[in-house]
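Asker: Submitted below is the structure of interest, expressed as structure tokens.
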Amino acid sequence: MRLQGRTILVTAAGQGIGRASALACAREGARGIATDVNPDLLAGHDGIETRPR
């Protein structure tokens, strides 16, 4: 799965399959947005940069 130059959007990325998908896509070169209803879940993971609204 080569995603260099692709943009992705992953919802429910705070844990489980959503988190694993977001990190896997990033490892393959994709840039994108990872969202979750609980932003604290995103903040605690290496490899996911959070930005304020």
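Convention: chains lettered A, B, ... in structure tokens order; per-chain residue numbering from 1; ligands numbered from 1 as shown.
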Can you tell me which residues surround A:Val10 at a distance of at most 9 Å, considering only C-alpha atoms, apart from same-chain residues fewer than 6 positions away, and format the answer as a compact mmCIF listing (two decimals) with C-alpha atoms, in the first residue's frame?

Answerer:
```txt
# COMPACT_ATOMS: atom_id res chain seq x y z
CA GLY A 18 -9.34 3.88 13.31
CA ARG A 19 -6.07 4.63 15.11
CA SER A 21 -5.56 2.79 10.03
CA ALA A 22 -4.42 6.39 10.50
CA GLY A 32 -4.29 13.55 6.34
CA ILE A 33 -6.68 14.28 9.11
CA ALA A 34 -7.48 11.97 12.01
CA THR A 35 -10.59 12.85 14.00
CA ASP A 36 -12.39 11.52 17.04
```

Asker: Enumerate the residues of chain A with a DSSP assignment of alpha helix (DSSP H), computed from the backbone, and present them as a PyMOL selection string.

Answerer: chain A and resi 16-27+39-43

Asker: Take the residues that were just selected and, keeping N, CA and C atoms, output them as a CSV table (one decimal), in the first residue's frame.

Answerer:
```
chain,number,residue,atom,x,y,z
A,16,GLY,N,-8.3,1.8,18.5
A,16,GLY,CA,-8.8,0.6,17.8
A,16,GLY,C,-8.4,0.7,16.3
A,17,ILE,N,-9.3,0.2,15.5
A,17,ILE,CA,-9.1,0.1,14.0
A,17,ILE,C,-8.8,1.5,13.4
A,18,GLY,N,-9.5,2.5,13.8
A,18,GLY,CA,-9.3,3.9,13.3
A,18,GLY,C,-7.9,4.4,13.6
A,19,ARG,N,-7.4,4.2,14.8
A,19,ARG,CA,-6.1,4.6,15.1
A,19,ARG,C,-5.1,3.8,14.3
A,20,ALA,N,-5.2,2.5,14.2
A,20,ALA,CA,-4.3,1.7,13.5
A,20,ALA,C,-4.3,2.1,12.0
A,21,SER,N,-5.5,2.4,11.4
A,21,SER,CA,-5.6,2.8,10.0
A,21,SER,C,-4.8,4.1,9.8
A,22,ALA,N,-5.1,5.1,10.7
A,22,ALA,CA,-4.4,6.4,10.5
A,22,ALA,C,-2.9,6.3,10.6
A,23,LEU,N,-2.4,5.5,11.5
A,23,LEU,CA,-0.9,5.3,11.6
A,23,LEU,C,-0.4,4.6,10.5
A,24,ALA,N,-1.1,3.5,10.0
A,24,ALA,CA,-0.6,2.7,8.9
A,24,ALA,C,-0.5,3.6,7.6
A,25,CYS,N,-1.5,4.4,7.4
A,25,CYS,CA,-1.5,5.3,6.2
A,25,CYS,C,-0.4,6.3,6.3
A,26,ALA,N,-0.2,6.8,7.5
A,26,ALA,CA,0.9,7.8,7.6
A,26,ALA,C,2.3,7.1,7.4
A,27,ARG,N,2.5,5.9,7.9
A,27,ARG,CA,3.7,5.2,7.6
A,27,ARG,C,4.0,5.0,6.1
A,39,PRO,N,-11.1,14.3,21.6
A,39,PRO,CA,-9.7,14.7,21.2
A,39,PRO,C,-8.6,14.3,22.1
A,40,ASP,N,-8.9,14.0,23.4
A,40,ASP,CA,-7.9,13.5,24.3
A,40,ASP,C,-7.4,12.2,23.9
A,41,LEU,N,-8.1,11.4,23.2
A,41,LEU,CA,-7.7,10.1,22.8
A,41,LEU,C,-6.6,10.2,21.7
A,42,LEU,N,-6.7,11.3,20.9
A,42,LEU,CA,-5.7,11.5,19.8
A,42,LEU,C,-4.4,12.1,20.4
A,43,ALA,N,-4.5,12.9,21.4
A,43,ALA,CA,-3.4,13.6,21.9
A,43,ALA,C,-2.4,12.6,22.6
```

Asker: At a cut-off of 9 Å, using only C-alpha atoms, what residues contact A:Leu3? Leave out same-chain residues fewer than 2 positions from it and give the result as a PDB file with N, CA and C atoms, in the first residue's frame.

Answerer:
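around.pdb, freshly written:
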```
ATOM      1  N   MET A   1       0.858  -1.174   0.000  1.00  0.00           N
ATOM      2  CA  MET A   1       0.000   0.000   0.000  1.00  0.00           C
ATOM      3  C   MET A   1       0.901   1.233   0.000  1.00  0.00           C
ATOM      4  N   GLY A   5       1.857  11.083  -1.443  1.00  0.00           N
ATOM      5  CA  GLY A   5       1.142  12.112  -2.177  1.00  0.00           C
ATOM      6  C   GLY A   5      -0.375  12.047  -2.044  1.00  0.00           C
ATOM      7  N   ARG A   6      -0.885  11.092  -1.319  1.00  0.00           N
ATOM      8  CA  ARG A   6      -2.333  10.970  -1.124  1.00  0.00           C
ATOM      9  C   ARG A   6      -2.752  11.685   0.151  1.00  0.00           C
ATOM     10  N   THR A   7      -3.995  12.115   0.200  1.00  0.00           N
ATOM     11  CA  THR A   7      -4.566  12.743   1.389  1.00  0.00           C
ATOM     12  C   THR A   7      -5.687  11.849   1.898  1.00  0.00           C
ATOM     13  N   CYS A  25      -1.513   4.388   7.375  1.00  0.00           N
ATOM     14  CA  CYS A  25      -1.513   5.261   6.200  1.00  0.00           C
ATOM     15  C   CYS A  25      -0.391   6.289   6.286  1.00  0.00           C
ATOM     16  N   ALA A  26      -0.167   6.830   7.464  1.00  0.00           N
ATOM     17  CA  ALA A  26       0.917   7.798   7.648  1.00  0.00           C
ATOM     18  C   ALA A  26       2.272   7.145   7.397  1.00  0.00           C
ATOM     19  N   ARG A  27       2.459   5.922   7.858  1.00  0.00           N
ATOM     20  CA  ARG A  27       3.719   5.204   7.615  1.00  0.00           C
ATOM     21  C   ARG A  27       3.963   4.995   6.131  1.00  0.00           C
ATOM     22  N   GLU A  28       2.888   4.867   5.358  1.00  0.00           N
ATOM     23  CA  GLU A  28       3.005   4.653   3.918  1.00  0.00           C
ATOM     24  C   GLU A  28       3.100   5.956   3.127  1.00  0.00           C
ATOM     25  N   GLY A  29       3.173   7.086   3.830  1.00  0.00           N
ATOM     26  CA  GLY A  29       3.418   8.353   3.156  1.00  0.00           C
ATOM     27  C   GLY A  29       2.226   9.269   2.986  1.00  0.00           C
ATOM     28  N   ALA A  30       1.059   8.870   3.448  1.00  0.00           N
ATOM     29  CA  ALA A  30      -0.130   9.715   3.295  1.00  0.00           C
ATOM     30  C   ALA A  30      -0.102  10.869   4.296  1.00  0.00           C
ATOM     31  N   ARG A  31      -0.689  11.958   3.891  1.00  0.00           N
ATOM     32  CA  ARG A  31      -0.944  13.077   4.795  1.00  0.00           C
ATOM     33  C   ARG A  31      -2.441  13.105   4.997  1.00  0.00           C
TER      34      ARG A  31
END
```

Asker: Give me, as a list of chain:residue names, the residues of stretch 8-49 of chain A that a backbone DSSP run labels strand (DSSP E).

Answerer: A:Ile8, A:Leu9, A:Val10, A:Arg31, A:Gly32, A:Ile33, A:Ala34
